[in-house]
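> Sending over work_31.pdb (PDB, C-alpha atoms and all ligand atoms).
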ATOM      1  CA  MET A 682       0.000   0.000   0.000  1.00  0.00           C
ATOM      2  CA  ASN A 683       1.252   3.513  -0.788  1.00  0.00           C
ATOM      3  CA  SER A 684       2.223   5.551   2.266  1.00  0.00           C
ATOM      4  CA  VAL A 685       2.012   9.193   3.180  1.00  0.00           C
ATOM      5  CA  LEU A 686       3.859  11.043   5.945  1.00  0.00           C
ATOM      6  CA  VAL A 687       2.110  13.678   8.057  1.00  0.00           C
ATOM      7  CA  LEU A 688       4.904  15.701   9.589  1.00  0.00           C
ATOM      8  CA  ASN A 689       4.636  18.387  12.271  1.00  0.00           C
ATOM      9  CA  GLY A 690       7.387  20.731  13.404  1.00  0.00           C
ATOM     10  CA  PRO A 691       8.209  22.545  16.633  1.00  0.00           C
ATOM     11  CA  ASN A 692       5.582  23.332  19.257  1.00  0.00           C
ATOM     12  CA  LEU A 693       2.760  21.609  17.412  1.00  0.00           C
ATOM     13  CA  ASP A 694       2.705  19.099  20.285  1.00  0.00           C
ATOM     14  CA  LEU A 695       1.166  22.010  22.256  1.00  0.00           C
ATOM     15  CA  LEU A 696      -1.930  22.152  20.035  1.00  0.00           C
ATOM     16  CA  GLY A 697      -5.142  22.203  22.032  1.00  0.00           C
ATOM     17  CA  THR A 698      -3.430  23.184  25.269  1.00  0.00           C
ATOM     18  CA  ARG A 699      -3.018  26.951  24.733  1.00  0.00           C
ATOM     19  CA  LYS A 700      -3.917  29.750  22.296  1.00  0.00           C
ATOM     20  CA  PRO A 701      -7.297  28.316  21.170  1.00  0.00           C
ATOM     21  CA  GLU A 702      -8.139  31.738  19.678  1.00  0.00           C
ATOM     22  CA  VAL A 703      -5.306  31.217  17.159  1.00  0.00           C
ATOM     23  CA  TYR A 704      -5.081  27.425  16.697  1.00  0.00           C
ATOM     24  CA  GLY A 705      -8.488  26.124  17.838  1.00  0.00           C
ATOM     25  CA  SER A 706      -9.102  23.445  20.455  1.00  0.00           C
ATOM     26  CA  ALA A 707      -8.114  20.267  18.588  1.00  0.00           C
ATOM     27  CA  THR A 708      -5.077  18.406  19.886  1.00  0.00           C
ATOM     28  CA  LEU A 709      -2.367  16.802  17.763  1.00  0.00           C
ATOM     29  CA  ALA A 710      -4.006  13.441  18.564  1.00  0.00           C
ATOM     30  CA  ASP A 711      -7.243  14.807  17.039  1.00  0.00           C
ATOM     31  CA  VAL A 712      -5.291  15.885  13.950  1.00  0.00           C
ATOM     32  CA  GLU A 713      -3.820  12.383  13.679  1.00  0.00           C
ATOM     33  CA  GLN A 714      -7.314  10.862  13.818  1.00  0.00           C
ATOM     34  CA  LEU A 715      -8.585  13.235  11.078  1.00  0.00           C
ATOM     35  CA  CYS A 716      -5.618  12.225   8.921  1.00  0.00           C
ATOM     36  CA  ARG A 717      -6.133   8.494   9.546  1.00  0.00           C
ATOM     37  CA  VAL A 718      -9.775   8.732   8.460  1.00  0.00           C
ATOM     38  CA  ARG A 719      -8.969  10.654   5.277  1.00  0.00           C
ATOM     39  CA  ALA A 720      -5.951   8.495   4.415  1.00  0.00           C
ATOM     40  CA  ALA A 721      -8.103   5.353   4.752  1.00  0.00           C
ATOM     41  CA  GLU A 722     -10.670   6.906   2.397  1.00  0.00           C
ATOM     42  CA  LEU A 723      -7.856   7.578  -0.073  1.00  0.00           C
ATOM     43  CA  GLY A 724      -6.465   4.049   0.293  1.00  0.00           C
ATOM     44  CA  LEU A 725      -3.220   5.318   1.828  1.00  0.00           C
ATOM     45  CA  ASP A 726      -1.223   4.137   4.815  1.00  0.00           C
ATOM     46  CA  VAL A 727      -0.389   7.147   7.021  1.00  0.00           C
ATOM     47  CA  GLN A 728       2.615   7.664   9.282  1.00  0.00           C
ATOM     48  CA  PHE A 729       2.307  10.550  11.738  1.00  0.00           C
ATOM     49  CA  ARG A 730       5.385  12.286  13.206  1.00  0.00           C
ATOM     50  CA  GLN A 731       6.142  15.413  15.278  1.00  0.00           C
ATOM     51  CA  SER A 732       9.474  16.754  16.490  1.00  0.00           C
ATOM     52  CA  ASN A 733      10.828  19.907  18.088  1.00  0.00           C
ATOM     53  CA  HIS A 734      14.283  19.189  16.582  1.00  0.00           C
ATOM     54  CA  GLU A 735      15.349  20.387  13.144  1.00  0.00           C
ATOM     55  CA  GLY A 736      17.837  17.544  12.559  1.00  0.00           C
ATOM     56  CA  GLN A 737      15.229  14.885  13.324  1.00  0.00           C
ATOM     57  CA  LEU A 738      12.806  16.513  10.877  1.00  0.00           C
ATOM     58  CA  ILE A 739      15.533  16.614   8.191  1.00  0.00           C
ATOM     59  CA  ASP A 740      16.271  12.905   8.747  1.00  0.00           C
ATOM     60  CA  TRP A 741      12.562  12.059   8.258  1.00  0.00           C
ATOM     61  CA  VAL A 742      12.423  14.163   5.067  1.00  0.00           C
ATOM     62  CA  HIS A 743      15.446  12.235   3.729  1.00  0.00           C
ATOM     63  CA  GLU A 744      13.903   8.881   4.699  1.00  0.00           C
ATOM     64  CA  TRP A 745      10.612   9.710   2.973  1.00  0.00           C
ATOM     65  CA  GLY A 746      12.389  11.030  -0.105  1.00  0.00           C
ATOM     66  CA  ARG A 747      13.981   7.562  -0.420  1.00  0.00           C
ATOM     67  CA  ARG A 748      10.583   5.892   0.062  1.00  0.00           C
ATOM     68  CA  VAL A 749       9.051   8.022  -2.701  1.00  0.00           C
ATOM     69  CA  ARG A 750      11.993   7.237  -4.993  1.00  0.00           C
ATOM     70  CA  ASP A 751      11.473   3.504  -4.280  1.00  0.00           C
ATOM     71  CA  GLY A 752       7.763   3.757  -5.123  1.00  0.00           C
ATOM     72  CA  GLN A 753       6.556   3.015  -1.573  1.00  0.00           C
ATOM     73  CA  ALA A 754       5.250   6.507  -0.684  1.00  0.00           C
ATOM     74  CA  ILE A 755       3.621   9.498  -2.374  1.00  0.00           C
ATOM     75  CA  GLY A 756       5.038  12.314  -0.226  1.00  0.00           C
ATOM     76  CA  ALA A 757       4.297  14.353   2.881  1.00  0.00           C
ATOM     77  CA  VAL A 758       1.797  16.747   4.376  1.00  0.00           C
ATOM     78  CA  TYR A 759       3.987  19.062   6.411  1.00  0.00           C
ATOM     79  CA  ASN A 760       3.258  21.746   8.976  1.00  0.00           C
ATOM     80  CA  PRO A 761       6.751  23.147   9.552  1.00  0.00           C
ATOM     81  CA  GLY A 762       5.568  25.495  12.327  1.00  0.00           C
ATOM     82  CA  ALA A 763       8.016  28.345  12.821  1.00  0.00           C
ATOM     83  CA  HIS A 764      10.637  26.494  10.734  1.00  0.00           C
ATOM     84  CA  ALA A 765       8.646  27.757   7.728  1.00  0.00           C
ATOM     85  CA  HIS A 766       9.960  31.226   8.516  1.00  0.00           C
ATOM     86  CA  THR A 767      13.527  30.288   9.468  1.00  0.00           C
ATOM     87  CA  SER A 768      14.821  27.002   8.059  1.00  0.00           C
ATOM     88  CA  ILE A 769      16.822  26.987   4.849  1.00  0.00           C
ATOM     89  CA  ALA A 770      18.048  23.540   5.971  1.00  0.00           C
ATOM     90  CA  LEU A 771      14.561  22.015   5.795  1.00  0.00           C
ATOM     91  CA  ARG A 772      13.897  23.665   2.447  1.00  0.00           C
ATOM     92  CA  ASP A 773      17.196  22.238   1.121  1.00  0.00           C
ATOM     93  CA  ALA A 774      16.276  18.794   2.463  1.00  0.00           C
ATOM     94  CA  ILE A 775      12.902  18.776   0.658  1.00  0.00           C
ATOM     95  CA  GLU A 776      14.474  20.067  -2.551  1.00  0.00           C
ATOM     96  CA  GLY A 777      17.465  17.731  -2.206  1.00  0.00           C
ATOM     97  CA  VAL A 778      15.451  14.508  -2.014  1.00  0.00           C
ATOM     98  CA  GLU A 779      12.609  15.826  -4.244  1.00  0.00           C
ATOM     99  CA  LEU A 780       9.972  14.965  -1.628  1.00  0.00           C
ATOM    100  CA  PRO A 781       6.474  15.981  -2.803  1.00  0.00           C
ATOM    101  CA  VAL A 782       5.166  18.163   0.028  1.00  0.00           C
ATOM    102  CA  VAL A 783       1.919  19.979   0.703  1.00  0.00           C
ATOM    103  CA  GLU A 784       2.629  22.630   3.333  1.00  0.00           C
ATOM    104  CA  VAL A 785      -0.079  23.280   5.935  1.00  0.00           C
ATOM    105  CA  HIS A 786      -0.557  26.128   8.390  1.00  0.00           C
ATOM    106  CA  ILE A 787      -3.510  25.988  10.755  1.00  0.00           C
ATOM    107  CA  SER A 788      -3.684  29.757  11.203  1.00  0.00           C
ATOM    108  CA  ASN A 789      -3.765  32.330   8.424  1.00  0.00           C
ATOM    109  CA  VAL A 790      -0.108  33.308   8.670  1.00  0.00           C
ATOM    110  CA  HIS A 791      -0.709  36.206   6.221  1.00  0.00           C
ATOM    111  CA  ALA A 792      -3.113  37.861   8.656  1.00  0.00           C
ATOM    112  CA  ARG A 793      -0.551  37.665  11.480  1.00  0.00           C
ATOM    113  CA  GLU A 794       2.856  39.247  12.189  1.00  0.00           C
ATOM    114  CA  GLN A 795       5.020  40.238   9.202  1.00  0.00           C
ATOM    115  CA  PHE A 796       7.655  37.620  10.091  1.00  0.00           C
ATOM    116  CA  ARG A 797       5.086  34.860   9.479  1.00  0.00           C
ATOM    117  CA  HIS A 798       4.309  36.054   5.928  1.00  0.00           C
ATOM    118  CA  HIS A 799       7.392  34.463   4.366  1.00  0.00           C
ATOM    119  CA  SER A 800       7.935  30.711   4.132  1.00  0.00           C
ATOM    120  CA  TYR A 801      11.199  29.098   3.014  1.00  0.00           C
ATOM    121  CA  ILE A 802       9.192  25.912   2.425  1.00  0.00           C
ATOM    122  CA  SER A 803       6.479  27.235   0.070  1.00  0.00           C
ATOM    123  CA  PRO A 804       8.729  27.557  -3.041  1.00  0.00           C
ATOM    124  CA  VAL A 805       9.629  23.847  -2.822  1.00  0.00           C
ATOM    125  CA  ALA A 806       6.101  22.696  -1.888  1.00  0.00           C
ATOM    126  CA  ARG A 807       3.662  21.284  -4.449  1.00  0.00           C
ATOM    127  CA  GLY A 808       0.857  23.167  -2.698  1.00  0.00           C
ATOM    128  CA  VAL A 809       0.060  25.216   0.383  1.00  0.00           C
ATOM    129  CA  VAL A 810      -3.041  25.180   2.647  1.00  0.00           C
ATOM    130  CA  VAL A 811      -3.285  28.126   5.022  1.00  0.00           C
ATOM    131  CA  GLY A 812      -5.799  29.359   7.574  1.00  0.00           C
ATOM    132  CA  LEU A 813      -8.419  26.585   7.450  1.00  0.00           C
ATOM    133  CA  GLY A 814      -7.700  25.259  10.925  1.00  0.00           C
ATOM    134  CA  VAL A 815      -6.983  21.548  11.361  1.00  0.00           C
ATOM    135  CA  LEU A 816      -9.282  20.834   8.396  1.00  0.00           C
ATOM    136  CA  GLY A 817      -6.226  21.859   6.356  1.00  0.00           C
ATOM    137  CA  TYR A 818      -4.567  18.499   7.068  1.00  0.00           C
ATOM    138  CA  PRO A 819      -7.172  16.203   5.444  1.00  0.00           C
ATOM    139  CA  LEU A 820      -7.561  18.728   2.617  1.00  0.00           C
ATOM    140  CA  ALA A 821      -3.808  18.640   2.054  1.00  0.00           C
ATOM    141  CA  LEU A 822      -3.867  14.816   2.042  1.00  0.00           C
ATOM    142  CA  THR A 823      -6.543  14.888  -0.658  1.00  0.00           C
ATOM    143  CA  GLY A 824      -4.519  17.405  -2.676  1.00  0.00           C
ATOM    144  CA  LEU A 825      -1.281  15.447  -2.338  1.00  0.00           C
ATOM    145  CA  ALA A 826      -2.998  12.225  -3.442  1.00  0.00           C
ATOM    146  CA  GLU A 827      -4.435  14.022  -6.474  1.00  0.00           C
ATOM    147  CA  LEU A 828      -1.185  15.797  -7.411  1.00  0.00           C
ATOM    148  CA  THR A 829       0.868  12.597  -7.224  1.00  0.00           C
ATOM    149  CA  ARG A 830      -1.702  10.240  -8.781  1.00  0.00           C
ATOM    150  CA  GLN A 831      -0.109   7.852 -11.270  1.00  0.00           C
ATOM    151  CA  PRO A 832      -1.803   7.671 -14.686  1.00  0.00           C
ATOM    152  CA  ARG A 833      -3.404   4.244 -15.112  1.00  0.00           C
TER     153      ARG A 833
HETATM  154  O1  LIG A 901      -0.503  28.158  11.854  1.00  0.00           O
HETATM  155  C1  LIG A 901       0.328  27.250  11.911  1.00  0.00           C
HETATM  156  O2  LIG A 901       0.048  26.059  11.723  1.00  0.00           O
HETATM  157  C2  LIG A 901       1.787  27.570  12.294  1.00  0.00           C
HETATM  158  O3  LIG A 901       2.629  26.711  11.513  1.00  0.00           O
HETATM  159  C3  LIG A 901       1.923  27.266  13.777  1.00  0.00           C
HETATM  160  C4  LIG A 901       3.287  27.646  14.349  1.00  0.00           C
HETATM  161  C5  LIG A 901       3.646  29.083  13.975  1.00  0.00           C
HETATM  162  O4  LIG A 901       4.968  29.376  14.398  1.00  0.00           O
HETATM  163  C6  LIG A 901       3.523  29.334  12.462  1.00  0.00           C
HETATM  164  O5  LIG A 901       3.820  30.704  12.214  1.00  0.00           O
HETATM  165  C7  LIG A 901       2.137  29.005  11.973  1.00  0.00           C
HETATM  166  C8  LIG A 901       3.266  27.489  15.883  1.00  0.00           C
HETATM  167  C9  LIG A 901       3.110  26.050  16.312  1.00  0.00           C
HETATM  168  C10 LIG A 901       2.103  25.874  17.404  1.00  0.00           C
HETATM  169  O6  LIG A 901       2.447  26.639  18.549  1.00  0.00           O
HETATM  170  C11 LIG A 901       1.591  26.622  19.618  1.00  0.00           C
HETATM  171  C12 LIG A 901       1.989  27.382  20.690  1.00  0.00           C
HETATM  172  C13 LIG A 901       1.209  27.448  21.830  1.00  0.00           C
HETATM  173  C14 LIG A 901       0.033  26.725  21.901  1.00  0.00           C
HETATM  174  C15 LIG A 901      -0.379  25.950  20.821  1.00  0.00           C
HETATM  175  C16 LIG A 901       0.410  25.894  19.681  1.00  0.00           C
END
Have the structure of the file written as structure tokens, please.


Amino acid sequence: MNSVLVLNGPNLDLLGTRKPEVYGSATLADVEQLCRVRAAELGLDVQFRQSNHEGQLIDWVHEWGRRVRDGQAIGAVYNPGAHAHTSIALRDAIEGVELPVVEVHISNVHAREQFRHHSYISPVARGVVVGLGVLGYPLALTGLAELTRQPR
């Protein structure tokens, strides 16, 4: 079965514990459940990962780039958190292994502080979903499946 990675960056383990006015009340466990339901509907196996450490996230991007190259996976839905605004290393990792990525942000980063308006990840992403709350994750899964669909 084809696999998809749902990857979450720093501080997203805090979802549902603070700042509900910005990020809503769903926890990361709720997000995982939403993704499992949608992935099953799409016929995909889903692996769900979160880390607060840039190097760990880079290692997972490399691993999933290899899986896509070997025909075992279609890509990743990725909420890079604040790494979107800071990490050239994660951008280089995605570009370097040619991992198909749909970037997700729960909040509308363009309606927030100026420093959140730029993403290093967006230019190497196949698509971006912003500001739709945690619904953005299953939507991104649907988009990734469609964008990477093999012609029959
Ligand atoms: O809107 C998003 O999904 C973000 O990627 C969330 C990041 C933020 O740095 C980005 O600009 C936009 C923050 C991660 C979550 O941080 C929390 C902090 C406290 C309580 C709950 C979540």

> Between atom CA of A:Gly690 and atom CA of A:Gly724, what is the spacing in Å?

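Between these atoms lies a distance of 25.3 Å.
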
> Nearest to A:Val811: which of A:Ala757, A:Leu828, A:Thr823, A:His791 is it, counting all atoms listed in the file?

A:His791

> Take the PyMOL selection byres (((not hetatm)) within 8 of (chain A and resi 901)), apply it to the structure above, and return the hits as a ChimeraX atom specification.

/A:690-701,703-704,760-766,785-790,797,811-812,814

> Restricted to C-alpha atoms, what would the selected residues look like written as a PDB file, in the coordinates of the input?


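Saved as again-v4.pdb:
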ATOM      1  CA  GLY A 690       7.387  20.731  13.404  1.00  0.00           C
ATOM      2  CA  PRO A 691       8.209  22.545  16.633  1.00  0.00           C
ATOM      3  CA  ASN A 692       5.582  23.332  19.257  1.00  0.00           C
ATOM      4  CA  LEU A 693       2.760  21.609  17.412  1.00  0.00           C
ATOM      5  CA  ASP A 694       2.705  19.099  20.285  1.00  0.00           C
ATOM      6  CA  LEU A 695       1.166  22.010  22.256  1.00  0.00           C
ATOM      7  CA  LEU A 696      -1.930  22.152  20.035  1.00  0.00           C
ATOM      8  CA  GLY A 697      -5.142  22.203  22.032  1.00  0.00           C
ATOM      9  CA  THR A 698      -3.430  23.184  25.269  1.00  0.00           C
ATOM     10  CA  ARG A 699      -3.018  26.951  24.733  1.00  0.00           C
ATOM     11  CA  LYS A 700      -3.917  29.750  22.296  1.00  0.00           C
ATOM     12  CA  PRO A 701      -7.297  28.316  21.170  1.00  0.00           C
ATOM     13  CA  VAL A 703      -5.306  31.217  17.159  1.00  0.00           C
ATOM     14  CA  TYR A 704      -5.081  27.425  16.697  1.00  0.00           C
ATOM     15  CA  ASN A 760       3.258  21.746   8.976  1.00  0.00           C
ATOM     16  CA  PRO A 761       6.751  23.147   9.552  1.00  0.00           C
ATOM     17  CA  GLY A 762       5.568  25.495  12.327  1.00  0.00           C
ATOM     18  CA  ALA A 763       8.016  28.345  12.821  1.00  0.00           C
ATOM     19  CA  HIS A 764      10.637  26.494  10.734  1.00  0.00           C
ATOM     20  CA  ALA A 765       8.646  27.757   7.728  1.00  0.00           C
ATOM     21  CA  HIS A 766       9.960  31.226   8.516  1.00  0.00           C
ATOM     22  CA  VAL A 785      -0.079  23.280   5.935  1.00  0.00           C
ATOM     23  CA  HIS A 786      -0.557  26.128   8.390  1.00  0.00           C
ATOM     24  CA  ILE A 787      -3.510  25.988  10.755  1.00  0.00           C
ATOM     25  CA  SER A 788      -3.684  29.757  11.203  1.00  0.00           C
ATOM     26  CA  ASN A 789      -3.765  32.330   8.424  1.00  0.00           C
ATOM     27  CA  VAL A 790      -0.108  33.308   8.670  1.00  0.00           C
ATOM     28  CA  ARG A 797       5.086  34.860   9.479  1.00  0.00           C
ATOM     29  CA  VAL A 811      -3.285  28.126   5.022  1.00  0.00           C
ATOM     30  CA  GLY A 812      -5.799  29.359   7.574  1.00  0.00           C
ATOM     31  CA  GLY A 814      -7.700  25.259  10.925  1.00  0.00           C
TER      32      GLY A 814
END

> So, counting only C-alpha atoms, which residue among A:Val809, A:Leu780, A:Ala792, A:Ile755 is closest to A:Leu725?

A:Ile755

> The centre and edge lengths of an axis-aligned box containing all atoms of stretch 718-736 of chain A present in the file, extended by 6 Å on each side, are to be given in Å to one decimal, as JSON.


{"center_x": 3.6, "center_y": 12.2, "center_z": 9.0, "size_x": 40.5, "size_y": 28.3, "size_z": 30.2}

> Could you check the closest approach to A:Cys716 for each of A:Arg793, A:Ala806, A:Ile739, A:Val685 and tell me which residue wins, using all atoms listed in the file?

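Comparing A:Arg793, A:Ala806, A:Ile739, A:Val685 against A:Cys716, the winner is A:Val685.
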
> Spell out the residues picked by the PyMOL selection byres (((chain A and resi 735) around 9) and not hetatm) here, as a PyMOL selection string.

chain A and resi 690-691+732-734+736-740+764+768+770-771

> Kindly give the distance, in Å, that separates atom CA of A:Leu723 and atom CA of A:Ser800, rounded to a single decimal.

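Calculated distance between atom CA of A:Leu723 and atom CA of A:Ser800 is 28.3 Å.
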
> Between A:Leu686, A:Val815, A:Ile802, A:Ala720, which has the minimum distance to A:Trp745 (counting only C-alpha atoms)?

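Comparing A:Leu686, A:Val815, A:Ile802, A:Ala720 against A:Trp745, the winner is A:Leu686.
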
> Which of these, A:Thr708, A:Thr767, A:Asn689, A:Ser684, has the shortest distance to A:Gln728 once you count all atoms listed in the file?

A:Ser684

> Calculate how many Å separate atom CA of A:Pro819 from atom CA of A:Glu744, rounding to one decimal.

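Computing the Euclidean distance for atom CA of A:Pro819 and atom CA of A:Glu744 yields 22.3 Å.
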
> Can you translate the PyMOL selection byres (((chain A and resi 783) around 9) and not hetatm) into the concrete residues it hits in this file, as a list in words?

Gly756, Ala757, Val758, Tyr759, Asn760, Pro781, Val782, Glu784, Val785, Ser803, Ala806, Arg807, Gly808, Val809, Val810, Ala821, Leu822, Gly824 and Leu825 of chain A

> Using all atoms listed in the file, which of A:Ala826, A:Ala774, A:Val805, A:Leu816 sits nearest A:Glu713?

A:Leu816
